[in-house]
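Notes follow once the structure below has been shown.
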Amino acid sequence: MDIRIPLTVRLCLLIILAVLLITFTGCALTAKQKVAVSQFSGSAATLGDVTSSQLIAMRDNTMKMTTERLLLGGKSKDPNLGDQTSLDHGFDVERVETISGATQALAAYGKSLAALVDDTQSAELKTASNEFVASLGSVPTAKAHLSDEQLQAIGTVVQEVGGFWIEWKRKQAVTTIVKNSKDVVDHLCDLLVRDFDPKNGWVGLQLQVIEDPLMAEATNVLYDGKTYNDRKIALEAFQVAYDNKMSRTQILKRVTDAATAMKKANNALANAVAKSDWSVQDIQDFAQKAQSLQMAIKIIVTK
Amino acid sequence: MANSLGNELSAALTNITSLIIKTGSEDERTKLTQQQAQIAGQLQVFVDKVVDQTLPEYNVATVALNAANAAAEAAKKNLDNVADAIKKIADAIDKLGGLLAKLA
C-alpha cells in the first residue's frame, strides 16, 4: 500500500498549518497578562481566606467575651444582649456561615483563576505528541516513507498546534470569566467595605456591643475587688476585651483597605485581559494599569 | 439615617464606658453599667436589623461567584482535554497500524 501524500495536498496542509499558527499566535495571553491574572488571583485568595478565618475568630472571641461578662456580672442587664443561651449572639453560625461563604467563594475564585492561567499542559502535550510519533512510526507503511527526522517534525507540529490551541482557549476562558465576574467581585468588595468599615460597618458595631459591657463589668470587679484573685479575674477579662479591640480597630481596617484595593485591581484586570488591539498608547496605558494593579496587590498582601 | 443612628449609639456606648472607667463611686458605676447595657441592647437591635437586610446580598454574591468558579473549572478541564485528544488519536493510529499490518 502506497501512503505517499501528493505534493499539492502537502502544500495545502502547510498553508493550513501556517494560517492556524498565525491565527493562534495573536490570540494568547501575553506574559504580562498572565502575571497580572496570577497576582490578582493570589491576592483574591488571600483576602477571601483571611477574612473567612477572621470571622470564625470573631465568633470565638464573642463566646469568650459573653462568658466572661456573665461570670463577672451575672445575668445580662439587658434582654437584647447575649446570655447563657446565646453565647455567640452577634456572630452566630448563620451569620458567620453566610458571610464566610461569600469570602470563601472569593478565595475559590482566585484559586480557580490561578489554576486556569498556570501552564500544566505543556508536559502533558509533549508526552502526548511523543506517543503520537511513536504510534505513527509503528505503522509499517508510514515508517517506510517517513524518516526519523520527519516523524519528529510531525511530533513538534502536533505539540505546537496543540499548544497554540490551548493558549487560545485559555485566553478565551480567562477573558470571559474575568469579564462575567467583574460585577459580582466589585459588588462583594463594596459589601466588605461597607460592613467591615471600622467606624460605620455593622461588624465593628457588633464587636463593640459585646466588648463595652464586658469592659464595664471587668472595671467594676477591678475597682471593687478586695483580693489579688479578684483583680486577676478582672484583668483576664480585660485581656479578652483588648484582643477584641485589636480586631475591631486593626483587622477591620485592613480588610476594608484590601477590599477597596481589590475593587481597583479588578477593574485593572478586566482591562488588562480585554485589550487585544495593542497600540503604543494601549501599552502605555496598560503599564500604568499594571503598576496600579501591582500597588493595589501590595496593599492587599502587606497590610 | 440608619448609619447615623448606629453611630450615635456607638458614640454613646463609648462615652458611657469611659465614664464607668473614670467613676470611683460604686453606686454611680452601678447606674452607669445599667444604662450602658440598655444602650448596648439598643445597638444590638439596630445591628440585627442591618444584618437581616445584608445577609441576602452575600447569598447572591456567593451564588454568582460559585458559578464563575464552576465555569473556570470546566474551562480548565477543557484545556487538559487537548493532550487527551492527541493521545486518543495516537491510540487510533496504533490500531490502524495493526490493521494495515494484517492487510499487507
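Simple scheme: letters A, B, ... for chains in C-alpha cells order, numbers from 1 for residues in each chain, numbers from 1 for ligands in the order shown.
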What's around Gln44 of chain B at 12 Å? Count only C-alpha atoms, leave out sequence neighbours fewer than 3 positions away in its own chain, and write the answer as a PDB file with N, CA and C atoms, in the first residue's frame.
```
ATOM      1  N   ASP A  78     -29.512  43.597  80.036  1.00  0.00           N
ATOM      2  CA  ASP A  78     -30.499  43.978  79.011  1.00  0.00           C
ATOM      3  C   ASP A  78     -30.876  42.718  78.228  1.00  0.00           C
ATOM      4  N   PRO A  79     -32.186  42.516  77.996  1.00  0.00           N
ATOM      5  CA  PRO A  79     -32.609  41.258  77.335  1.00  0.00           C
ATOM      6  C   PRO A  79     -32.132  41.118  75.893  1.00  0.00           C
ATOM      7  N   ASN A  80     -31.719  42.238  75.270  1.00  0.00           N
ATOM      8  CA  ASN A  80     -31.260  42.139  73.875  1.00  0.00           C
ATOM      9  C   ASN A  80     -29.807  41.684  73.754  1.00  0.00           C
ATOM     10  N   LEU A  81     -29.096  41.663  74.873  1.00  0.00           N
ATOM     11  CA  LEU A  81     -27.695  41.214  74.832  1.00  0.00           C
ATOM     12  C   LEU A  81     -27.631  39.692  74.947  1.00  0.00           C
ATOM     13  N   GLY A  82     -26.520  39.141  74.492  1.00  0.00           N
ATOM     14  CA  GLY A  82     -26.346  37.694  74.565  1.00  0.00           C
ATOM     15  C   GLY A  82     -26.354  37.202  76.004  1.00  0.00           C
ATOM     16  N   HIS A  89     -24.164  35.262  70.375  1.00  0.00           N
ATOM     17  CA  HIS A  89     -25.083  36.267  69.829  1.00  0.00           C
ATOM     18  C   HIS A  89     -24.303  37.397  69.162  1.00  0.00           C
ATOM     19  N   GLY A  90     -24.655  37.708  67.918  1.00  0.00           N
ATOM     20  CA  GLY A  90     -23.941  38.734  67.150  1.00  0.00           C
ATOM     21  C   GLY A  90     -23.080  38.096  66.071  1.00  0.00           C
ATOM     22  N   PHE A  91     -22.477  36.960  66.394  1.00  0.00           N
ATOM     23  CA  PHE A  91     -21.703  36.212  65.391  1.00  0.00           C
ATOM     24  C   PHE A  91     -22.159  34.751  65.424  1.00  0.00           C
ATOM     25  N   TRP A 202     -21.381  47.317  60.303  1.00  0.00           N
ATOM     26  CA  TRP A 202     -22.058  46.594  61.383  1.00  0.00           C
ATOM     27  C   TRP A 202     -21.123  45.642  62.126  1.00  0.00           C
ATOM     28  N   VAL A 203     -20.086  45.139  61.447  1.00  0.00           N
ATOM     29  CA  VAL A 203     -19.183  44.190  62.123  1.00  0.00           C
ATOM     30  C   VAL A 203     -18.505  44.870  63.316  1.00  0.00           C
ATOM     31  N   GLY A 204     -18.023  46.091  63.099  1.00  0.00           N
ATOM     32  CA  GLY A 204     -17.382  46.844  64.175  1.00  0.00           C
ATOM     33  C   GLY A 204     -18.361  47.182  65.292  1.00  0.00           C
ATOM     34  N   LEU A 205     -19.577  47.583  64.900  1.00  0.00           N
ATOM     35  CA  LEU A 205     -20.602  47.913  65.908  1.00  0.00           C
ATOM     36  C   LEU A 205     -20.930  46.678  66.746  1.00  0.00           C
ATOM     37  N   GLN A 206     -21.024  45.532  66.059  1.00  0.00           N
ATOM     38  CA  GLN A 206     -21.347  44.287  66.768  1.00  0.00           C
ATOM     39  C   GLN A 206     -20.253  43.934  67.778  1.00  0.00           C
ATOM     40  N   LEU A 207     -18.995  44.100  67.341  1.00  0.00           N
ATOM     41  CA  LEU A 207     -17.888  43.812  68.259  1.00  0.00           C
ATOM     42  C   LEU A 207     -17.927  44.750  69.466  1.00  0.00           C
ATOM     43  N   GLN A 208     -18.320  46.008  69.232  1.00  0.00           N
ATOM     44  CA  GLN A 208     -18.405  46.980  70.338  1.00  0.00           C
ATOM     45  C   GLN A 208     -19.528  46.615  71.320  1.00  0.00           C
ATOM     46  N   VAL A 209     -20.651  46.131  70.765  1.00  0.00           N
ATOM     47  CA  VAL A 209     -21.783  45.731  71.620  1.00  0.00           C
ATOM     48  C   VAL A 209     -21.347  44.654  72.620  1.00  0.00           C
ATOM     49  N   ILE A 210     -20.449  43.792  72.188  1.00  0.00           N
ATOM     50  CA  ILE A 210     -20.006  42.704  73.060  1.00  0.00           C
ATOM     51  C   ILE A 210     -18.869  43.157  73.984  1.00  0.00           C
ATOM     52  N   GLU A 211     -18.027  44.030  73.442  1.00  0.00           N
ATOM     53  CA  GLU A 211     -16.824  44.440  74.178  1.00  0.00           C
ATOM     54  C   GLU A 211     -17.115  45.419  75.328  1.00  0.00           C
ATOM     55  N   PRO A 213     -19.832  46.229  77.291  1.00  0.00           N
ATOM     56  CA  PRO A 213     -20.404  45.727  78.552  1.00  0.00           C
ATOM     57  C   PRO A 213     -19.413  44.884  79.354  1.00  0.00           C
TER      58      PRO A 213
ATOM     59  N   LEU B   5     -27.879  56.632  63.228  1.00  0.00           N
ATOM     60  CA  LEU B   5     -28.407  56.051  64.475  1.00  0.00           C
ATOM     61  C   LEU B   5     -27.369  55.094  65.076  1.00  0.00           C
ATOM     62  N   GLY B   6     -26.799  54.257  64.215  1.00  0.00           N
ATOM     63  CA  GLY B   6     -25.771  53.330  64.678  1.00  0.00           C
ATOM     64  C   GLY B   6     -24.576  54.083  65.246  1.00  0.00           C
ATOM     65  N   LEU B   9     -25.480  55.679  68.675  1.00  0.00           N
ATOM     66  CA  LEU B   9     -25.500  54.673  69.749  1.00  0.00           C
ATOM     67  C   LEU B   9     -24.079  54.228  70.098  1.00  0.00           C
ATOM     68  N   SER B  10     -23.264  54.075  69.060  1.00  0.00           N
ATOM     69  CA  SER B  10     -21.872  53.659  69.267  1.00  0.00           C
ATOM     70  C   SER B  10     -21.113  54.722  70.072  1.00  0.00           C
ATOM     71  N   LEU B  13     -22.211  54.674  73.623  1.00  0.00           N
ATOM     72  CA  LEU B  13     -21.649  53.498  74.304  1.00  0.00           C
ATOM     73  C   LEU B  13     -20.192  53.751  74.702  1.00  0.00           C
ATOM     74  N   ALA B  37     -25.807  48.994  79.503  1.00  0.00           N
ATOM     75  CA  ALA B  37     -26.402  47.743  78.995  1.00  0.00           C
ATOM     76  C   ALA B  37     -27.620  48.047  78.117  1.00  0.00           C
ATOM     77  N   GLN B  38     -28.391  49.073  78.516  1.00  0.00           N
ATOM     78  CA  GLN B  38     -29.579  49.428  77.709  1.00  0.00           C
ATOM     79  C   GLN B  38     -29.163  49.966  76.334  1.00  0.00           C
ATOM     80  N   ILE B  39     -28.140  50.826  76.330  1.00  0.00           N
ATOM     81  CA  ILE B  39     -27.667  51.371  75.037  1.00  0.00           C
ATOM     82  C   ILE B  39     -27.089  50.244  74.177  1.00  0.00           C
ATOM     83  N   ALA B  40     -26.302  49.376  74.818  1.00  0.00           N
ATOM     84  CA  ALA B  40     -25.734  48.239  74.073  1.00  0.00           C
ATOM     85  C   ALA B  40     -26.860  47.371  73.504  1.00  0.00           C
ATOM     86  N   GLY B  41     -27.921  47.191  74.281  1.00  0.00           N
ATOM     87  CA  GLY B  41     -29.072  46.405  73.820  1.00  0.00           C
ATOM     88  C   GLY B  41     -29.745  47.051  72.616  1.00  0.00           C
ATOM     89  N   VAL B  47     -28.127  46.591  65.003  1.00  0.00           N
ATOM     90  CA  VAL B  47     -27.228  45.744  64.191  1.00  0.00           C
ATOM     91  C   VAL B  47     -27.997  44.548  63.616  1.00  0.00           C
ATOM     92  N   ASP B  48     -28.857  43.937  64.441  1.00  0.00           N
ATOM     93  CA  ASP B  48     -29.625  42.775  63.970  1.00  0.00           C
ATOM     94  C   ASP B  48     -30.473  43.131  62.751  1.00  0.00           C
ATOM     95  N   LYS B  49     -31.076  44.338  62.780  1.00  0.00           N
ATOM     96  CA  LYS B  49     -31.903  44.757  61.636  1.00  0.00           C
ATOM     97  C   LYS B  49     -31.042  44.954  60.396  1.00  0.00           C
ATOM     98  N   VAL B  50     -29.882  45.579  60.582  1.00  0.00           N
ATOM     99  CA  VAL B  50     -28.973  45.821  59.448  1.00  0.00           C
ATOM    100  C   VAL B  50     -28.525  44.484  58.850  1.00  0.00           C
ATOM    101  N   VAL B  51     -28.159  43.555  59.735  1.00  0.00           N
ATOM    102  CA  VAL B  51     -27.638  42.267  59.251  1.00  0.00           C
ATOM    103  C   VAL B  51     -28.734  41.481  58.513  1.00  0.00           C
TER     104      VAL B  51
END
```
Show me which bits of chain A are within 7 Å of chain B, counting only C-alpha atoms, as an MDAnalysis selection string. chainID A and resid 77:78 80:81 98:99 101:102 105:106 108:109 112:113 116 121 124:125 128:129 131:132 135:136 138:140 162 166 173 177 181 184 188 200 202 205:206 209 212:213 216 219
Run DSSP on the backbone and tell me which residues of segment 60-172 of chain A come out as alpha helix (DSSP H); list them as a PyMOL selection string. chain A and resi 60-73+93-117+122-138+140-145+148-172
Store the residues picked out above, limited to C-alpha atoms, as an mmCIF file, in the first residue's frame.
```
data_model
loop_
_atom_site.group_PDB
_atom_site.id
_atom_site.type_symbol
_atom_site.label_atom_id
_atom_site.label_comp_id
_atom_site.auth_asym_id
_atom_site.auth_seq_id
_atom_site.Cartn_x
_atom_site.Cartn_y
_atom_site.Cartn_z
ATOM 1 C CA ASP A 60 -14.798 32.525 69.143
ATOM 2 C CA ASN A 61 -13.978 35.870 70.814
ATOM 3 C CA THR A 62 -17.672 36.700 71.102
ATOM 4 C CA MET A 63 -18.300 33.488 73.022
ATOM 5 C CA LYS A 64 -15.307 34.175 75.270
ATOM 6 C CA MET A 65 -16.372 37.756 75.998
ATOM 7 C CA THR A 66 -20.004 36.889 76.697
ATOM 8 C CA THR A 67 -18.892 34.080 79.000
ATOM 9 C CA GLU A 68 -16.517 36.433 80.855
ATOM 10 C CA ARG A 69 -19.236 39.094 81.210
ATOM 11 C CA LEU A 70 -21.702 36.569 82.636
ATOM 12 C CA LEU A 71 -19.035 35.243 85.021
ATOM 13 C CA LEU A 72 -18.250 38.741 86.290
ATOM 14 C CA GLY A 73 -21.672 40.409 86.307
ATOM 15 C CA VAL A 93 -23.405 30.335 62.984
ATOM 16 C CA GLU A 94 -25.823 31.564 60.296
ATOM 17 C CA ARG A 95 -24.191 34.997 60.064
ATOM 18 C CA VAL A 96 -20.648 33.689 60.032
ATOM 19 C CA GLU A 97 -21.527 30.913 57.600
ATOM 20 C CA THR A 98 -23.273 33.275 55.171
ATOM 21 C CA ILE A 99 -20.535 35.889 55.042
ATOM 22 C CA SER A 100 -17.664 33.442 55.100
ATOM 23 C CA GLY A 101 -19.494 31.531 52.352
ATOM 24 C CA ALA A 102 -19.070 34.593 50.166
ATOM 25 C CA THR A 103 -15.460 35.249 51.177
ATOM 26 C CA GLN A 104 -14.587 31.577 50.669
ATOM 27 C CA ALA A 105 -16.185 31.749 47.226
ATOM 28 C CA LEU A 106 -13.951 34.764 46.567
ATOM 29 C CA ALA A 107 -10.912 32.745 47.658
ATOM 30 C CA ALA A 108 -12.019 29.853 45.426
ATOM 31 C CA TYR A 109 -12.465 32.302 42.523
ATOM 32 C CA GLY A 110 -8.865 33.437 42.982
ATOM 33 C CA LYS A 111 -7.602 29.871 43.157
ATOM 34 C CA SER A 112 -9.531 28.639 40.118
ATOM 35 C CA LEU A 113 -8.406 31.655 38.081
ATOM 36 C CA ALA A 114 -4.794 30.917 39.094
ATOM 37 C CA ALA A 115 -5.213 27.253 38.096
ATOM 38 C CA LEU A 116 -6.595 28.335 34.715
ATOM 39 C CA VAL A 117 -3.586 30.545 34.000
ATOM 40 C CA SER A 122 2.994 21.650 28.311
ATOM 41 C CA ALA A 123 4.422 18.469 29.815
ATOM 42 C CA GLU A 124 1.260 16.513 29.020
ATOM 43 C CA LEU A 125 1.281 17.807 25.446
ATOM 44 C CA LYS A 126 4.884 16.717 24.985
ATOM 45 C CA THR A 127 4.060 13.227 26.267
ATOM 46 C CA ALA A 128 1.008 13.054 24.015
ATOM 47 C CA SER A 129 2.943 14.162 20.912
ATOM 48 C CA ASN A 130 5.698 11.637 21.701
ATOM 49 C CA GLU A 131 3.047 8.910 21.889
ATOM 50 C CA PHE A 132 1.604 10.204 18.615
ATOM 51 C CA VAL A 133 5.001 9.988 16.884
ATOM 52 C CA ALA A 134 5.646 6.529 18.321
ATOM 53 C CA SER A 135 2.259 5.337 17.066
ATOM 54 C CA LEU A 136 2.801 6.797 13.626
ATOM 55 C CA GLY A 137 6.261 5.226 13.479
ATOM 56 C CA SER A 138 4.788 1.856 14.299
ATOM 57 C CA PRO A 140 4.747 -0.104 8.675
ATOM 58 C CA THR A 141 3.809 1.880 5.566
ATOM 59 C CA ALA A 142 4.401 5.209 7.333
ATOM 60 C CA LYS A 143 7.741 4.010 8.654
ATOM 61 C CA ALA A 144 8.747 3.052 5.118
ATOM 62 C CA HIS A 145 8.164 6.550 3.758
ATOM 63 C CA ASP A 148 13.013 9.733 11.915
ATOM 64 C CA GLU A 149 13.534 13.482 11.405
ATOM 65 C CA GLN A 150 10.235 13.758 9.556
ATOM 66 C CA LEU A 151 8.441 11.869 12.324
ATOM 67 C CA GLN A 152 9.998 14.144 14.940
ATOM 68 C CA ALA A 153 8.970 17.191 12.868
ATOM 69 C CA ILE A 154 5.378 15.912 12.786
ATOM 70 C CA GLY A 155 5.508 15.450 16.578
ATOM 71 C CA THR A 156 6.759 19.017 17.017
ATOM 72 C CA VAL A 157 3.956 20.355 14.811
ATOM 73 C CA VAL A 158 1.337 18.378 16.757
ATOM 74 C CA GLN A 159 2.734 19.731 20.014
ATOM 75 C CA GLU A 160 2.914 23.317 18.732
ATOM 76 C CA VAL A 161 -0.597 23.313 17.271
ATOM 77 C CA GLY A 162 -1.929 21.733 20.459
ATOM 78 C CA GLY A 163 -0.100 24.386 22.475
ATOM 79 C CA PHE A 164 -1.466 27.258 20.407
ATOM 80 C CA TRP A 165 -4.938 25.792 20.640
ATOM 81 C CA ILE A 166 -4.650 25.576 24.419
ATOM 82 C CA GLU A 167 -3.340 29.143 24.729
ATOM 83 C CA TRP A 168 -6.167 30.413 22.537
ATOM 84 C CA LYS A 169 -8.750 28.562 24.615
ATOM 85 C CA ARG A 170 -7.052 29.756 27.815
ATOM 86 C CA LYS A 171 -7.310 33.380 26.775
ATOM 87 C CA GLN A 172 -10.938 32.960 25.752
#
```
Residue contacts of Cys189 of chain A (8 Å, only C-alpha atoms) excluding same-chain residues fewer than 3 positions away, as a ChimeraX atom specification: /A:185-186,192-193,259-260,262-263
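Note that atom CA of Lys275 of chain A and atom CA of Lys179 of chain A are 11.7 Å apart.
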